[in-house]
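Data first, discussion second: the structure below is written as structure tokens.
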Amino acid sequence: MMETLKQLINKLTKVQLDSIIADRRHIHQNPELSFNEHNTSDYVASRLQQAGIPFRRGVAGTGIIATLQGKNPGRTIALRADMDALPIQEETNLPFASVNKGIMHACGHDAHTAVLIGVANILNQLRDQWNGTILFIFQPGEEKFPGGASLLLKEGALDNPKPDLVIGQHVLPEMAAGKVGFKPGMYMASGDEVYLTVSGKGGHAALPHTLNDNILIASHIIVALQQIVSRMVPTTIPTVLSFGRIEGLGATNIIPEKVEIAGTLRTLDEEWRGLIKKRIKEIAEGTAAAMGAHCHVDIKDGYPVVYNNPDATKKAIAWAKNFLGENRVEEMGVRMTAEDFGYYTQQFPSVFYRFGVAQEQGTTCALHTPHFNLNEKALETATSVLAWLAVNFLQSDQDQFHALD
């Protein structure tokens with residue numbers, strides 16, 4: 001009996017699983033920071049060369065885009081993995097722990113890259129089973145502004161051919177290994193950085209009437225800004241404005257001339273995102289002025305909202321359930337974390353989903369922590385599901401997905 005495509009994908013994934021795990025461990029052991037993924041890029045290139053998969057290098061610096069053509073012409077889809085690590089000292093004591101001091105794959109990008117290599121190998125072996133073109137994006141710099149995705153798109157790296165759909169996936173330590181999760185529509189928040197500098201006359205703390213109390217003024221600004229979320233933004237729009245640093249280098253008896261404040265703005269609505277930034281500036285400057293000081297406001301635009309095309313995501317959910325079973329596919333809520341995958345969702349219909357990597361016993365440490373380690377059994381699910389979604393999207397109706405206006 002002839003094997004079905006589903007059976008072939010499962011079979012090839014199992015055959016390659018040891019290789020995928022080895023790739024993940026090599027990349028994990030040799031992490032590199034954003035836009036410095038030179039050795040990682042060399043490694044990916046060598047693995048693609050071994051498989052005879054054509055690719056181009058130098059995309060957004062260290063990025064790679066590989067290309068596969070199917071049996072016949074058709075639509076184009078892109079599959080994306082990020083390659084960069086974080087400035088964290090690893091404390092997992094794994095035999096393949098990072099050898100680069102102060103650098104660690106604490107966000108699962110090692111798994112993303114290894115899985116995409118595996119998917120490219122599988123789909124290369126099944127080229128007579130699908131039509132169209134698949135682009136495999138090995139992207140640098142997701143963890144560092146302005147984001148490798150934005151640079152890649154500005155370079156026109158996806159202009160020819162232009163994808164009809166972009167798919168990305170990300171580890172999720174709160175979800176059991178073997179499961180995947182989807183959220184149609186708005187999924188992840190935008191992420192802007194807010195920097196405020198309060199300045200005025202400083203001096204002796206025992207003589208407050210002769211100076212501007214910049215510490216007190218900074219405190220009033222922080223409190224006043226909380227009213228933006230609680231009183232100005234519609235309750236239906238998830239929004240976060242948090243401040244994580246306030247620095248006034250005075251002393252017990254010294255009021256400093258300058259106080260610096262830094263925070264983050266997150267929201268799931270691009271229109272309100274712009275309005276909130278205007279209100280931050282107005283409130284911060286106005287509060288400082290009312291108290292006799294000055295506030296300089298610098299808001300650095302970060303990553304945009306991650307918007308999952310509803311039609312495409314609903315299709316992906318149905319196909320994932322068909323592949324894994326109903327009980328291994330979850331519909332997720334919104335997340336206020338940010339991802340530069342949002343840049344792809346602004347230009348192309350896109351699907352960004354999660355795959356669970358929780359350990360079977362004990363607590364799986366959170367992302368961006370020194371003890372994070374994923375369950376490698378999840379790599380089989382991540383690889384097979386991504387390959388399955390790719391071939392199904394290539395075979396689907398080309399007119400049913402519409403980009404976000």
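Identifiers in this document derive from the order of the structure tokens: chains are assigned A, B, ..., residues are numbered from 1 separately in each chain, and ligands are numbered from 1 in order of occurrence.
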
So that I can check the surroundings of Ala387 in chain A, please list as a ChimeraX atom specification every protein, DNA and RNA residue that reaches within 8 Å of it, counting only C-alpha atoms and ignoring chain neighbours fewer than 5 positions away.
/A:9,119,122-123

I need the chosen residues saved as a CSV table (one decimal), in the first residue's frame, with C-alpha atoms.
```csv
chain,number,residue,atom,x,y,z
A,9,ILE,CA,6.3,13.2,6.9
A,119,VAL,CA,11.9,20.6,7.7
A,122,ILE,CA,12.1,16.5,4.7
A,123,LEU,CA,10.4,18.7,2.1
```

What's around range 364-377 of chain A at 10 Å? Count only C-alpha atoms, leave out sequence neighbours fewer than 4 positions away in its own chain, and write the answer as number ranges by chain.
A: 17, 20-21, 24-25, 85-94, 97, 102-108, 111, 171-178, 356-360, 381-382

Which residue out of A:Glu380, A:Glu37, A:Asp340, A:Glu326 has the minimum interatomic distance to Val59 in chain A when only C-alpha atoms are used?
A:Glu37

When DSSP is applied to the backbone of this structure, which of range 22-230 of chain A are assigned strand (DSSP E)? Write them out as a PyMOL selection string.
chain A and resi 55-59+63-69+76-82+133-139+165-176+180-182+185-188+191-199+203-204

Restrict the selected residues to C-alpha atoms and save them as an mmCIF file, in the first residue's frame.
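Everything below was put into result.cif:
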```cif
data_model
loop_
_atom_site.group_PDB
_atom_site.id
_atom_site.type_symbol
_atom_site.label_atom_id
_atom_site.label_comp_id
_atom_site.auth_asym_id
_atom_site.auth_seq_id
_atom_site.Cartn_x
_atom_site.Cartn_y
_atom_site.Cartn_z
ATOM 1 C CA PHE A 55 20.435 29.150 -0.511
ATOM 2 C CA ARG A 56 21.690 32.698 -0.405
ATOM 3 C CA ARG A 57 23.672 34.290 2.420
ATOM 4 C CA GLY A 58 24.235 37.795 3.753
ATOM 5 C CA VAL A 59 20.552 38.467 4.350
ATOM 6 C CA GLY A 63 20.885 35.597 7.651
ATOM 7 C CA ILE A 64 20.248 32.829 5.127
ATOM 8 C CA ILE A 65 17.294 32.164 2.860
ATOM 9 C CA ALA A 66 17.088 28.701 1.283
ATOM 10 C CA THR A 67 14.713 27.945 -1.573
ATOM 11 C CA LEU A 68 12.992 24.758 -2.704
ATOM 12 C CA GLN A 69 10.884 24.358 -5.848
ATOM 13 C CA THR A 76 5.024 30.671 -2.462
ATOM 14 C CA ILE A 77 5.242 30.301 1.299
ATOM 15 C CA ALA A 78 8.027 31.238 3.707
ATOM 16 C CA LEU A 79 9.005 29.413 6.907
ATOM 17 C CA ARG A 80 10.984 31.418 9.439
ATOM 18 C CA ALA A 81 13.363 30.541 12.285
ATOM 19 C CA ASP A 82 15.458 32.956 14.362
ATOM 20 C CA THR A 133 8.000 27.384 -3.784
ATOM 21 C CA ILE A 134 9.136 27.281 -0.170
ATOM 22 C CA LEU A 135 11.506 29.862 1.319
ATOM 23 C CA PHE A 136 13.348 28.886 4.495
ATOM 24 C CA ILE A 137 14.310 32.031 6.419
ATOM 25 C CA PHE A 138 17.132 31.643 8.939
ATOM 26 C CA GLN A 139 16.850 35.087 10.470
ATOM 27 C CA LEU A 165 2.049 33.337 3.444
ATOM 28 C CA VAL A 166 4.723 33.401 6.172
ATOM 29 C CA ILE A 167 4.751 30.813 8.974
ATOM 30 C CA GLY A 168 6.732 30.961 12.201
ATOM 31 C CA GLN A 169 6.770 28.907 15.383
ATOM 32 C CA HIS A 170 8.156 29.408 18.892
ATOM 33 C CA VAL A 171 8.805 27.248 21.938
ATOM 34 C CA LEU A 172 6.440 27.525 24.920
ATOM 35 C CA PRO A 173 7.687 26.105 28.260
ATOM 36 C CA GLU A 174 4.204 26.330 29.837
ATOM 37 C CA MET A 175 2.801 23.845 27.298
ATOM 38 C CA ALA A 176 3.337 20.082 27.329
ATOM 39 C CA VAL A 180 0.880 23.081 19.649
ATOM 40 C CA GLY A 181 -1.154 26.241 20.196
ATOM 41 C CA PHE A 182 -2.700 28.863 17.912
ATOM 42 C CA GLY A 185 -6.069 37.593 14.929
ATOM 43 C CA MET A 186 -4.120 39.791 17.341
ATOM 44 C CA TYR A 187 -1.751 37.521 19.231
ATOM 45 C CA MET A 188 1.324 39.337 20.572
ATOM 46 C CA GLY A 191 6.819 46.625 22.282
ATOM 47 C CA ASP A 192 8.072 50.207 22.543
ATOM 48 C CA GLU A 193 10.788 51.526 24.850
ATOM 49 C CA VAL A 194 9.999 54.641 26.884
ATOM 50 C CA TYR A 195 12.815 56.866 28.174
ATOM 51 C CA LEU A 196 12.095 59.947 30.308
ATOM 52 C CA THR A 197 14.681 62.397 31.638
ATOM 53 C CA VAL A 198 13.531 64.822 34.320
ATOM 54 C CA SER A 199 15.851 67.781 34.796
ATOM 55 C CA GLY A 203 20.893 70.999 45.498
ATOM 56 C CA HIS A 204 20.823 70.438 49.246
#
```

Which residues, written as a PyMOL selection string, have at least one atom at most 12 Å from Arg231 in chain A, with only C-alpha atoms counted and residues fewer than 6 positions away on the same chain left out?
chain A and resi 224-225+239+276+279

Give me, as a list in words, all polymer residues having an atom no more than 10 Å from Ile283 in chain A, counting only C-alpha atoms and skipping those fewer than 3 positions away in the same chain.
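Contacts, in chain order: Ile221, Ile222, Ala224, Leu225, Gln227, Ile228, Lys278, Arg279, Ile280, Gly286, Thr287, Ala288, Ala289 and Cys295 of chain A.
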
Go ahead and compute the interatomic distance for CA of Asp298 in chain A and CA of Leu249 in chain A, in Å to one decimal.
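Answer for the CA of Asp298 in chain A to CA of Leu249 in chain A separation: 20.1 Å.
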
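Near Gly74 in chain A, within 8 Å and counting only C-alpha atoms, sit Asn131, Gly132, Thr133 and Leu394 of chain A, not including residues fewer than 6 positions from it in the same chain.
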
Output for the residues just chosen: N, CA and C atoms as a PDB file, in the first residue's frame:
```
ATOM      1  N   ASN A 131       3.527  21.248  -4.893  1.00  0.00           N
ATOM      2  CA  ASN A 131       3.765  22.252  -5.934  1.00  0.00           C
ATOM      3  C   ASN A 131       4.076  23.602  -5.293  1.00  0.00           C
ATOM      4  N   GLY A 132       4.771  24.445  -6.053  1.00  0.00           N
ATOM      5  CA  GLY A 132       5.040  25.790  -5.571  1.00  0.00           C
ATOM      6  C   GLY A 132       6.469  25.966  -5.100  1.00  0.00           C
ATOM      7  N   THR A 133       6.669  27.005  -4.261  1.00  0.00           N
ATOM      8  CA  THR A 133       8.000  27.384  -3.784  1.00  0.00           C
ATOM      9  C   THR A 133       7.966  27.572  -2.277  1.00  0.00           C
ATOM     10  N   LEU A 394       0.483  24.950   0.650  1.00  0.00           N
ATOM     11  CA  LEU A 394       0.828  24.982  -0.766  1.00  0.00           C
ATOM     12  C   LEU A 394      -0.278  24.386  -1.624  1.00  0.00           C
TER      13      LEU A 394
END
```

DSSP-assigned helix (DSSP H, G or I) among range 38-280 of chain A, expressed as number ranges by chain
A: 38-51, 109-125, 127-129, 148-154, 208-210, 214-232, 270-280

Give me a file of those residues, with C-alpha atoms, as an mmCIF file, in the first residue's frame.
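This is the output file again.cif:
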```cif
data_model
loop_
_atom_site.group_PDB
_atom_site.id
_atom_site.type_symbol
_atom_site.label_atom_id
_atom_site.label_comp_id
_atom_site.auth_asym_id
_atom_site.auth_seq_id
_atom_site.Cartn_x
_atom_site.Cartn_y
_atom_site.Cartn_z
ATOM 1 C CA HIS A 38 28.538 34.184 12.044
ATOM 2 C CA ASN A 39 29.395 30.641 13.143
ATOM 3 C CA THR A 40 25.723 29.718 13.406
ATOM 4 C CA SER A 41 25.223 30.931 9.847
ATOM 5 C CA ASP A 42 28.226 28.891 8.700
ATOM 6 C CA TYR A 43 26.785 25.818 10.396
ATOM 7 C CA VAL A 44 23.346 26.252 8.807
ATOM 8 C CA ALA A 45 24.980 26.781 5.408
ATOM 9 C CA SER A 46 27.014 23.590 5.779
ATOM 10 C CA ARG A 47 23.910 21.571 6.673
ATOM 11 C CA LEU A 48 22.018 22.935 3.680
ATOM 12 C CA GLN A 49 24.958 22.199 1.402
ATOM 13 C CA GLN A 50 25.063 18.603 2.631
ATOM 14 C CA ALA A 51 21.424 18.225 1.606
ATOM 15 C CA HIS A 109 16.098 29.802 18.975
ATOM 16 C CA ASP A 110 18.502 26.863 18.830
ATOM 17 C CA ALA A 111 15.462 24.581 18.525
ATOM 18 C CA HIS A 112 13.794 26.840 15.954
ATOM 19 C CA THR A 113 16.880 26.732 13.741
ATOM 20 C CA ALA A 114 17.437 22.988 14.092
ATOM 21 C CA VAL A 115 13.795 22.258 13.340
ATOM 22 C CA LEU A 116 13.832 24.405 10.193
ATOM 23 C CA ILE A 117 16.920 22.572 8.942
ATOM 24 C CA GLY A 118 15.032 19.321 9.508
ATOM 25 C CA VAL A 119 11.906 20.590 7.736
ATOM 26 C CA ALA A 120 13.995 21.710 4.764
ATOM 27 C CA ASN A 121 15.525 18.240 4.514
ATOM 28 C CA ILE A 122 12.133 16.525 4.726
ATOM 29 C CA LEU A 123 10.447 18.737 2.141
ATOM 30 C CA ASN A 124 13.455 18.427 -0.138
ATOM 31 C CA GLN A 125 12.965 14.646 -0.125
ATOM 32 C CA ARG A 127 9.534 17.587 -3.682
ATOM 33 C CA ASP A 128 7.497 15.362 -5.988
ATOM 34 C CA GLN A 129 4.620 15.548 -3.470
ATOM 35 C CA GLY A 148 16.355 41.146 11.882
ATOM 36 C CA ALA A 149 12.903 40.841 10.318
ATOM 37 C CA SER A 150 12.665 44.599 9.730
ATOM 38 C CA LEU A 151 16.123 44.729 8.139
ATOM 39 C CA LEU A 152 15.439 41.687 5.983
ATOM 40 C CA LEU A 153 12.224 43.226 4.660
ATOM 41 C CA LYS A 154 13.841 46.632 4.070
ATOM 42 C CA PRO A 208 13.829 72.063 48.961
ATOM 43 C CA HIS A 209 12.337 75.561 48.509
ATOM 44 C CA THR A 210 15.460 76.637 46.627
ATOM 45 C CA ASN A 214 13.420 66.024 40.606
ATOM 46 C CA ILE A 215 12.981 62.755 42.512
ATOM 47 C CA LEU A 216 9.504 63.822 43.625
ATOM 48 C CA ILE A 217 8.660 65.135 40.146
ATOM 49 C CA ALA A 218 9.722 61.836 38.559
ATOM 50 C CA SER A 219 7.496 59.988 41.015
ATOM 51 C CA HIS A 220 4.511 62.176 40.114
ATOM 52 C CA ILE A 221 5.124 61.525 36.416
ATOM 53 C CA ILE A 222 5.160 57.744 36.900
ATOM 54 C CA VAL A 223 1.927 57.841 38.909
ATOM 55 C CA ALA A 224 0.240 60.178 36.419
ATOM 56 C CA LEU A 225 1.184 57.968 33.474
ATOM 57 C CA GLN A 226 -0.590 54.972 35.005
ATOM 58 C CA GLN A 227 -3.870 56.757 34.317
ATOM 59 C CA ILE A 228 -3.323 56.259 30.591
ATOM 60 C CA VAL A 229 -3.980 52.534 30.910
ATOM 61 C CA SER A 230 -6.601 52.719 33.657
ATOM 62 C CA ARG A 231 -8.599 55.703 32.369
ATOM 63 C CA MET A 232 -7.825 56.501 28.727
ATOM 64 C CA GLU A 270 -1.724 49.848 16.403
ATOM 65 C CA GLU A 271 -4.022 52.910 16.313
ATOM 66 C CA TRP A 272 -4.076 53.217 20.104
ATOM 67 C CA ARG A 273 -0.350 52.583 20.169
ATOM 68 C CA GLY A 274 0.209 55.903 18.380
ATOM 69 C CA LEU A 275 -2.264 57.802 20.568
ATOM 70 C CA ILE A 276 -0.781 56.427 23.797
ATOM 71 C CA LYS A 277 2.688 57.621 22.824
ATOM 72 C CA LYS A 278 1.346 61.146 22.293
ATOM 73 C CA ARG A 279 -0.358 61.082 25.700
ATOM 74 C CA ILE A 280 2.834 59.877 27.417
#
```

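Nearest-residue note for Ala293 in chain A: choosing from A:Leu241, A:Lys201, A:Val306, A:Val259, the minimum distance belongs to A:Lys201, counting only C-alpha atoms.
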
Nearest to Thr264 in chain A by atom-to-atom distance, counting only C-alpha atoms, from A:Glu247, A:Asp301, A:Glu282, A:Glu339
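The closest residue to Thr264 in chain A is A:Asp301.
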
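The space between CA of Lys314 in chain A and CA of Leu8 in chain A spans 24.1 Å.
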
For a test of reading the model, state the distance in Å between CA of Val329 in chain A and CA of Gln395 in chain A, rounded to one decimal.
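The value is 21.6 Å.
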
Compare A:Pro256, A:Asn392, A:Ile237, A:Leu379 by their minimum atom-to-atom distance to Asp18 in chain A, counting only C-alpha atoms, and give me the closest one.
A:Leu379
